[in-house]
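Just coords07.txt here, compact mmCIF, C-alpha atoms:
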# COMPACT_ATOMS: atom_id res chain seq x y z
CA MET A 290 97.15 89.56 91.44
CA LEU A 291 96.65 88.45 95.03
CA SER A 292 94.28 85.47 95.16
CA LYS A 293 91.26 85.45 97.44
CA LYS A 294 92.85 82.56 99.29
CA SER A 295 95.97 84.61 100.08
CA LYS A 296 93.91 87.65 101.01
CA TYR A 297 91.81 85.54 103.38
CA ALA A 298 94.94 83.97 104.88
CA LEU A 299 96.38 87.40 105.55
CA LYS A 300 93.10 88.70 106.98
CA ALA A 301 92.86 85.73 109.36
CA LEU A 302 96.49 86.08 110.46
CA ILE A 303 96.13 89.83 111.00
CA TYR A 304 93.00 89.15 113.06
CA LEU A 305 94.91 86.69 115.24
CA ALA A 306 97.84 89.13 115.56
CA ARG A 307 95.47 91.93 116.53
CA GLU A 308 93.65 89.83 119.13
CA LYS A 309 96.82 88.73 120.97
CA ARG A 310 94.83 86.07 122.86
CA LYS A 311 96.36 83.29 124.89
CA THR A 312 93.25 81.16 124.37
CA PRO A 313 92.50 79.68 120.94
CA VAL A 314 90.28 81.65 118.56
CA MET A 315 87.49 79.66 116.94
CA ILE A 316 87.23 79.45 113.16
CA SER A 317 83.63 80.65 113.33
CA GLU A 318 84.72 83.87 115.06
CA ILE A 319 87.40 84.65 112.48
CA SER A 320 84.99 83.74 109.68
CA GLU A 321 82.26 86.02 111.02
CA LYS A 322 84.45 89.01 111.93
CA GLU A 323 86.54 88.96 108.75
CA LYS A 324 83.72 87.92 106.35
CA ILE A 325 85.54 84.79 105.18
CA PRO A 326 83.54 81.69 104.16
CA LYS A 327 84.02 79.19 107.00
CA LYS A 328 84.75 76.10 104.86
CA PHE A 329 87.31 78.01 102.81
CA LEU A 330 88.89 79.38 106.00
CA GLU A 331 89.21 75.86 107.43
CA VAL A 332 91.32 74.80 104.44
CA ILE A 333 93.48 77.93 104.68
CA LEU A 334 94.10 77.59 108.42
CA LEU A 335 95.03 73.94 107.99
CA GLU A 336 97.69 74.95 105.44
CA LEU A 337 99.02 77.58 107.84
CA ARG A 338 99.11 75.02 110.64
CA LYS A 339 101.03 72.53 108.49
CA ASP A 340 103.48 75.31 107.67
CA GLY A 341 104.12 76.01 111.36
CA THR A 342 102.60 79.48 111.35
CA LEU A 343 99.60 78.47 113.47
CA LYS A 344 98.86 75.97 116.18
CA SER A 345 95.47 74.40 116.70
CA THR A 346 93.71 73.14 119.78
CA LEU A 347 90.93 70.56 119.57
CA GLY A 348 87.75 70.47 121.62
CA LYS A 349 84.93 72.77 122.65
CA LYS A 350 87.28 75.59 123.52
CA GLY A 351 89.56 74.80 120.61
CA GLY A 352 90.66 76.97 117.77
CA TYR A 353 93.79 78.60 116.41
CA ASN A 354 96.64 80.73 117.73
CA LEU A 355 99.74 82.11 116.11
CA LEU A 356 102.64 79.73 116.69
CA LYS A 357 105.15 82.43 115.80
CA HIS A 358 105.32 86.01 117.03
CA PRO A 359 103.65 88.52 114.63
CA ASP A 360 107.08 90.16 114.16
CA ASP A 361 108.35 86.88 112.69
CA ILE A 362 105.61 86.34 110.09
CA ASN A 363 106.08 88.29 106.87
CA LEU A 364 103.62 88.73 104.05
CA GLY A 365 105.99 87.35 101.43
CA HIS A 366 106.19 83.97 103.13
CA ILE A 367 102.41 83.68 103.46
CA ILE A 368 101.69 84.74 99.88
CA ARG A 369 104.29 82.31 98.50
CA LEU A 370 102.91 79.52 100.69
CA ILE A 371 99.37 80.05 99.43
CA ASP A 372 99.86 81.32 95.85
CA GLY A 373 103.34 80.22 94.85
CA PRO A 374 105.69 82.62 93.05
CA VAL A 375 105.36 86.36 93.54
CA ALA A 376 106.86 87.28 90.15
CA LEU A 377 104.63 88.23 87.23
CA THR A 378 106.58 86.12 84.74
CA PRO A 379 108.15 82.68 85.29
CA CYS A 380 111.53 83.77 83.91
CA VAL A 381 112.24 85.99 86.92
CA THR A 382 111.18 83.78 89.83
CA TYR A 383 113.69 82.38 92.31
CA LYS A 384 112.24 78.96 93.09
CA TYR A 385 109.94 78.45 90.11
CA TYR A 386 112.13 79.62 87.22
CA LYS A 387 110.96 78.64 83.78
CA ARG A 388 112.17 80.12 80.53
CA CYS A 389 109.42 81.81 78.51
CA ALA A 390 108.67 79.70 75.42
CA GLU A 391 108.68 82.66 73.05
CA CYS A 392 111.86 84.24 74.43
CA VAL A 393 114.68 84.69 71.92
CA ASP A 394 117.32 86.03 74.34
CA GLU A 395 116.74 86.48 78.08
CA ASP A 396 119.77 88.74 78.43
CA THR A 397 118.31 91.36 76.08
CA CYS A 398 114.62 90.94 76.89
CA SER A 399 113.31 94.31 78.10
CA ILE A 400 110.12 92.71 79.44
CA ARG A 401 112.17 90.36 81.62
CA PHE A 402 114.33 93.25 82.80
CA VAL A 403 111.33 95.29 83.97
CA MET A 404 109.53 92.27 85.46
CA LYS A 405 112.68 91.49 87.44
CA GLU A 406 112.67 95.03 88.87
CA VAL A 407 108.98 94.69 89.72
CA ARG A 408 109.69 91.36 91.44
CA GLU A 409 112.58 92.84 93.43
CA ALA A 410 110.49 95.77 94.65
CA THR A 411 107.51 93.55 95.46
CA VAL A 412 109.58 90.93 97.28
CA ASN A 413 111.37 93.64 99.24
CA ILE A 414 108.09 95.13 100.45
CA LEU A 415 106.39 91.79 101.19
CA ASN A 416 109.38 90.21 102.94
CA ASN A 417 109.91 93.29 105.09
CA THR A 418 106.29 93.71 106.13
CA THR A 419 105.21 91.68 109.16
CA LEU A 420 101.87 90.98 110.78
CA SER A 421 102.83 93.36 113.60
CA GLN A 422 103.36 96.12 111.06
CA MET A 423 100.01 95.35 109.43
CA VAL A 424 98.26 95.74 112.79
CA LYS A 425 100.02 99.12 113.29
CA ILE A 426 99.01 100.24 109.78
CA GLU A 427 95.40 99.26 110.54
CA LYS A 428 95.44 101.32 113.75
CA LYS A 429 96.85 104.37 111.93
CA LEU A 430 94.21 104.09 109.21
CA ILE A 431 91.43 103.83 111.80
CA LYS A 432 92.73 106.90 113.66
CA LYS A 433 92.99 108.83 110.40
CA MET A 434 89.44 107.84 109.44
CA LEU A 435 88.04 108.87 112.83
CA LYS A 436 89.63 112.33 112.59
CA ILE A 437 87.78 113.09 109.36
Using structure tokens, write down the structure from this file.
Amino acid sequence: MLSKKSKYALKALIYLAREKRKTPVMISEISEKEKIPKKFLEVILLELRKDGTLKSTLGKKGGYNLLKHPDDINLGHIIRLIDGPVALTPCVTYKYYKRCAECVDEDTCSIRFVMKEVREATVNILNNTTLSQMVKIEKKLIKKMLKI
């Protein structure tokens, strides 16, 4: 399941991608518009800055901007950064592999086989979905909603 921290990180990044501002966006604005607790958002944005996804500017007119283009930021990277492995079981992760304690034979484990397929599909979607695409999806959903 996607953690609140990851969801908030994605919401903040999508907000910044949507805004396309040259001037920094204040944490309080993102917090208010996206309904994210300010203190929690501060921690998240700091992590994203340390990762090189965001840049920050200090001072009265300070805030955050995307350091990378929205086309170059994929959901998979952000979710892994915040939550760690994407896989549902540790025996099918790339970077965090750990054999399941109760496993008799990984090669014949049907649970592992299915979880590996789930991981592959999930990773494919997340790694191939960018912030730019998320903004486009948002716009389509808004248009669809307004037509109803």
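Non-sequential neighbours of segment 411-419 of chain A (distance at most 9 Å, separation of 4 or more positions within a chain, only C-alpha atoms) are Pro359, Asp360, Asp361, Ile362, Asn363, Leu364, Gly365, His366, Ile368, Val375, Ala376, Glu406, Val407, Met423 and Val424 of chain A.
Ranking A:Glu331, A:Asp372, A:Asp340, A:Asp394 by their shortest atom-to-atom distance to Gly352 of chain A, with all atoms listed in the file included, puts A:Glu331 first.
The coordinates place atom CA of Leu330 of chain A at 16.3 Å from atom CA of Leu347 of chain A.
Atom to atom, atom CA of Leu355 of chain A and atom CA of Leu435 of chain A stand 29.4 Å apart.
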- Message: Could you list, as a list of chain:residue names, every residue within 6 Å of segment 311-324 of chain A, counting all atoms listed in the file and ignoring same-chain residues fewer than 5 positions away?
- Response: A:Gly351, A:Gly352, A:Tyr353, A:Asn354
Please give the centre and size of the box around segment 290-299 of chain A (axis-aligned, containing every atom listed in the file, 3 Å added per side), with values in Å to one decimal and written as JSON.
{"center_x": 94.2, "center_y": 86.1, "center_z": 98.5, "size_x": 11.9, "size_y": 13.0, "size_z": 20.1}
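Of the residues under consideration (A:Lys294, A:Lys344, A:Arg338, A:Lys405), A:Lys344 shows the shortest atom-to-atom contact distance to Leu356 of chain A when counting only C-alpha atoms.
Rounded to one decimal, atom CA of Tyr383 of chain A and atom CA of Ala301 of chain A lie 27.1 Å from each other.
Distances here use all atoms listed in the file; by that measure, the residue among A:Tyr386, A:Gln422, A:Tyr304, A:Glu427 closest to Gly373 of chain A is A:Tyr386.
Among A:Lys339, A:Met290, A:Lys428, A:Ile333, the residue with the shortest atom-to-atom distance to Leu377 of chain A, counting all atoms listed in the file, is A:Met290.
Shortest atom-to-atom contact with Leu343 of chain A among A:Val381, A:Ala298, A:Ser399, A:Arg369: A:Ala298, counting all atoms listed in the file.
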